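See below for the structure under consideration.
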Amino acid sequence: MSQVRVRNVTKRFGNATAVDNITLEFPDRQLTVLVGSSGCGKTTLLRMLAGLEETTAGEIYIGDKEVAHVPAWDRNIAMVFQSYALYPHMSVRKNIAFPLEARRTPRAEIKRRVEETAEILGLTQLLDRLPRQLSGGQMQRVAIGRAIIRRPEVFLMDEPLSNLDAKLRVNMRAELKRLQRDLGVTTVYVTHDQAEAMTMADQLVVMNSGRLLQIGYPEEVYLHPQTTFVAGFIGSPGMNFLPARFDKQQGVLVSDCFTYPLPVELRGQLAGVADQSKLLLGIRPEDIQVELAPLPGTLSATVYISEVLGKETLLTLACGQNRVRAAVGALVRLDIGTPVWMVPSVAGVRIFDAGTEALVASGAC
Ligand code: ATP
């Protein structure tokens with residue numbers, strides 16, 4: 001198995017920079033997820049790893065070997081795409097066997113490995129069917145079978161679950177994570193779905209506009225987002241941001257609709273911030289408690305809309321011009337316009353510089 005590394009990798013299409021000077025390690029045997037909104041460069045980075053796209057600059061290593069100029073067929077990599085790309089006229093057995101047949105592997109060996117792969121993926125009963133006789137989930141498993149039968153050094157997966165319905169997607173992501181763990185193959189997985197990214201990743205890489213914004217364990221990225229983009233992108237719904245200024249004398253954050261006494265540990269962290277007049281108070285929906293009476297340190301608001309989700313209720317609150325989402329208990333029923341008071345948990349408070357969008361203070365340990 002192999003560690004994969006990219007060093008100062010850039011890809012330009014004409015004047016447009018799709019991948020901008022990325023340096024990154026994909027640890028051996030781990031599942032790294034590249035996540036970001038559409039057009040951020042994830043697929044281009046994956047295609048450069050695969051050898052399907054040339055780099056404009058930088059180096060790519062698989063194990064100790066520099067591969068930037070090694071053609072795709074000479075890299076021991078298998079790729080799974082969003083479109084299953086199965087051969088429609090071939091049975092499941094033939095589709096899975098295809099990479100071994102192309103390498104002229106002996107017949108008995110092919111038979112043994114197809115059966116072993118089908119067993120792993122629960123496809124044994126379907127080996128003689130054609131792709132059109134399969135469900136979307138089954139087709140995706142055949143595509144995965146065709147990738148794993150080669151026993152590659154690295155798996156590359158580009159949105160492999162996006163054609164499946166929501167429920168199947170949730171099941172398949174768990175299955176895929178378990179399969180990756182069992183096979184222990186270094187895997188790079190691309191998705192724009194933050195929930196998929198959080199649940200599947202050993203290592204999470206958040207990208208935007210061709211750049212690497214943050215890298216870490218999923219829980220680390222969720223708890224310690226370094227920029228407003230990451231804080232807004234990771235988590236569902238994402239973090240709320242309320243424009244405010246810091247009144248040093250009073251030790252409070254002030255906006256047009258609230259005055260929030262800042263816990264002392266957060267005040268200290270703001271000391272070095274050049275412009276304390278343009279800040280963003282960041283707080284996740286799950287870190288806001290909603291009260292029906294004012295308490296010290298609360299922010300007043302009114303209920304804008306309430307959405308019942310079953311396990312919880314999601315409130316959208318109007319706080320001046322801001323809309324703030326708060327996740328509260330399943331049984332909370334509040335009418336539109338009800339006055340409420342928001343209590344941010346100190347550990348959940350993040351403060352960002354509104355200009356640079358960088359984190360400047362955090363209530364988390
Ligand atoms: P998506 O999730 O929509 O696939 P992505 O994050 O994978 O998005 P890429 O497909 O890597 O993004 O594209 C990154 C940028 O590079 C986009 O602006 C895209 O338009 C551009 N791009 C990608 N391929 C080409 C190409 N062959 N020629 C010109 N521009 C390209």
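By convention here, the chains of the structure tokens are called A, B, ... in the order presented, each chain's residues are numbered starting at 1, and ligands are numbered starting at 1 in the order presented.
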
Could you list, as a PyMOL selection string, all residues that come within 10 Å of ligand 1? Count only C-alpha atoms and all ligand atoms. chain A and resi 11-19+34-48+53+82+158-159+190-193+207-210

Write out as JSON lines a residue-level contact list of region 311-365 of chain A versus region 226-241 of chain A with cut-off 12 Å: for each qualifying residue the closest pair of atoms and the distance in Å to one decimal, counting only C-alpha atoms, rows sorted by chain and residue number upward.
```
{"residue": "A:Leu314", "atom": "CA", "partner": "A:Pro237", "partner_atom": "CA", "distance": 9.3}
{"residue": "A:Leu315", "atom": "CA", "partner": "A:Pro237", "partner_atom": "CA", "distance": 11.1}
{"residue": "A:Thr316", "atom": "CA", "partner": "A:Asn240", "partner_atom": "CA", "distance": 10.5}
{"residue": "A:Leu317", "atom": "CA", "partner": "A:Asn240", "partner_atom": "CA", "distance": 10.8}
{"residue": "A:Ala318", "atom": "CA", "partner": "A:Asn240", "partner_atom": "CA", "distance": 11.9}
{"residue": "A:Cys319", "atom": "CA", "partner": "A:Phe241", "partner_atom": "CA", "distance": 11.2}
{"residue": "A:Gln321", "atom": "CA", "partner": "A:Phe241", "partner_atom": "CA", "distance": 11.6}
{"residue": "A:Asn322", "atom": "CA", "partner": "A:Phe241", "partner_atom": "CA", "distance": 8.4}
{"residue": "A:Arg323", "atom": "CA", "partner": "A:Asn240", "partner_atom": "CA", "distance": 8.1}
{"residue": "A:Val324", "atom": "CA", "partner": "A:Asn240", "partner_atom": "CA", "distance": 5.9}
{"residue": "A:Arg325", "atom": "CA", "partner": "A:Asn240", "partner_atom": "CA", "distance": 6.8}
{"residue": "A:Ala326", "atom": "CA", "partner": "A:Asn240", "partner_atom": "CA", "distance": 8.9}
{"residue": "A:Ala327", "atom": "CA", "partner": "A:Pro237", "partner_atom": "CA", "distance": 9.2}
{"residue": "A:Pro344", "atom": "CA", "partner": "A:Asn240", "partner_atom": "CA", "distance": 11.1}
{"residue": "A:Gly348", "atom": "CA", "partner": "A:Met239", "partner_atom": "CA", "distance": 10.0}
{"residue": "A:Val349", "atom": "CA", "partner": "A:Met239", "partner_atom": "CA", "distance": 10.1}
{"residue": "A:Arg350", "atom": "CA", "partner": "A:Phe241", "partner_atom": "CA", "distance": 9.2}
{"residue": "A:Ile351", "atom": "CA", "partner": "A:Phe241", "partner_atom": "CA", "distance": 8.9}
{"residue": "A:Phe352", "atom": "CA", "partner": "A:Thr228", "partner_atom": "CA", "distance": 7.0}
{"residue": "A:Asp353", "atom": "CA", "partner": "A:Thr228", "partner_atom": "CA", "distance": 9.0}
{"residue": "A:Ala354", "atom": "CA", "partner": "A:Thr228", "partner_atom": "CA", "distance": 8.7}
{"residue": "A:Gly355", "atom": "CA", "partner": "A:Thr228", "partner_atom": "CA", "distance": 10.6}
{"residue": "A:Thr356", "atom": "CA", "partner": "A:Thr227", "partner_atom": "CA", "distance": 8.5}
{"residue": "A:Glu357", "atom": "CA", "partner": "A:Thr228", "partner_atom": "CA", "distance": 5.5}
{"residue": "A:Ala358", "atom": "CA", "partner": "A:Thr227", "partner_atom": "CA", "distance": 4.5}
{"residue": "A:Leu359", "atom": "CA", "partner": "A:Gln226", "partner_atom": "CA", "distance": 5.1}
{"residue": "A:Val360", "atom": "CA", "partner": "A:Gln226", "partner_atom": "CA", "distance": 8.5}
{"residue": "A:Ala361", "atom": "CA", "partner": "A:Gln226", "partner_atom": "CA", "distance": 10.0}
{"residue": "A:Ser362", "atom": "CA", "partner": "A:Gln226", "partner_atom": "CA", "distance": 9.9}
```

Save out the residues we just selected, C-alpha atoms, as a compact mmCIF listing (two decimals), in the first residue's frame.
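Here's the written file again36.txt:
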```
# COMPACT_ATOMS: atom_id res chain seq x y z
CA LEU A 314 -34.97 23.94 13.51
CA LEU A 315 -35.87 27.54 14.32
CA THR A 316 -34.98 30.44 12.07
CA LEU A 317 -34.86 33.54 14.25
CA ALA A 318 -34.84 37.19 13.22
CA CYS A 319 -32.22 39.18 15.10
CA GLN A 321 -31.44 42.10 9.82
CA ASN A 322 -29.85 38.74 10.59
CA ARG A 323 -31.43 35.32 10.28
CA VAL A 324 -30.10 32.87 12.86
CA ARG A 325 -30.77 29.13 12.87
CA ALA A 326 -31.09 27.34 16.18
CA ALA A 327 -31.62 23.61 16.66
CA PRO A 344 -24.87 30.91 22.90
CA GLY A 348 -19.57 27.26 20.84
CA VAL A 349 -18.64 30.92 20.32
CA ARG A 350 -16.25 31.70 17.45
CA ILE A 351 -15.23 35.20 16.40
CA PHE A 352 -13.97 35.96 12.90
CA ASP A 353 -12.37 39.05 11.38
CA ALA A 354 -15.02 40.23 8.89
CA GLY A 355 -12.33 41.52 6.52
CA THR A 356 -9.98 38.54 6.32
CA GLU A 357 -12.69 35.99 7.28
CA ALA A 358 -10.11 34.32 9.56
CA LEU A 359 -10.86 32.99 13.04
CA VAL A 360 -9.59 35.39 15.72
CA ALA A 361 -11.11 34.03 18.93
CA SER A 362 -12.68 30.75 20.01
```

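Proximity ranking of A:Tyr304, A:Tyr61, A:Phe246, A:Tyr87 relative to Asp335 (chain A) places A:Tyr304 first, based on only C-alpha atoms.
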
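Near Asn21 (chain A), within 9 Å and counting only C-alpha atoms, sit A:Arg7, A:Asn8, A:Val9, A:Thr10, A:Lys11, A:Ala57, A:Gly58, A:Gly210, A:Arg211, A:Leu212; same-chain residues fewer than 5 positions away were not included.
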
Please identify all polymer residues within 8 Å of region 119-121 of chain A, counting only C-alpha atoms, omitting same-chain residues fewer than 3 positions from it, and present them as a list of chain:residue names. A:Glu115, A:Glu116, A:Thr124, A:Arg141, A:Gly145

Restrict the selected residues to N, CA and C atoms and save them as a PDB file, in the first residue's frame.
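The resulting file, part_31.pdb, is reproduced below:
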```
ATOM      1  N   GLU A 115     -15.259 -14.210  -7.983  1.00  0.00           N
ATOM      2  CA  GLU A 115     -16.171 -14.760  -6.984  1.00  0.00           C
ATOM      3  C   GLU A 115     -15.890 -14.171  -5.606  1.00  0.00           C
ATOM      4  N   GLU A 116     -14.620 -13.998  -5.313  1.00  0.00           N
ATOM      5  CA  GLU A 116     -14.232 -13.405  -4.021  1.00  0.00           C
ATOM      6  C   GLU A 116     -14.755 -11.953  -3.938  1.00  0.00           C
ATOM      7  N   THR A 124     -22.985 -11.981  -5.397  1.00  0.00           N
ATOM      8  CA  THR A 124     -22.862 -13.367  -5.865  1.00  0.00           C
ATOM      9  C   THR A 124     -24.088 -13.818  -6.667  1.00  0.00           C
ATOM     10  N   ARG A 141     -22.167  -0.956  -6.983  1.00  0.00           N
ATOM     11  CA  ARG A 141     -21.326  -1.994  -6.357  1.00  0.00           C
ATOM     12  C   ARG A 141     -20.518  -2.757  -7.415  1.00  0.00           C
ATOM     13  N   GLY A 145     -16.614  -3.127  -7.558  1.00  0.00           N
ATOM     14  CA  GLY A 145     -15.996  -4.451  -7.730  1.00  0.00           C
ATOM     15  C   GLY A 145     -14.928  -4.422  -8.812  1.00  0.00           C
TER      16      GLY A 145
END
```

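Considering only region 22-173 of chain A, backbone DSSP assigns strand (DSSP E) to Ile22, Thr23, Leu24, Glu25, Phe26, Leu31, Thr32, Val33, Leu34, Val35, Ala57, Gly58, Glu59, Ile60, Tyr61, Ile62, Lys65, Glu66, Ile77, Ala78, Met79, Val80, Val154, Phe155, Leu156, Met157 and Asp158 of chain A.
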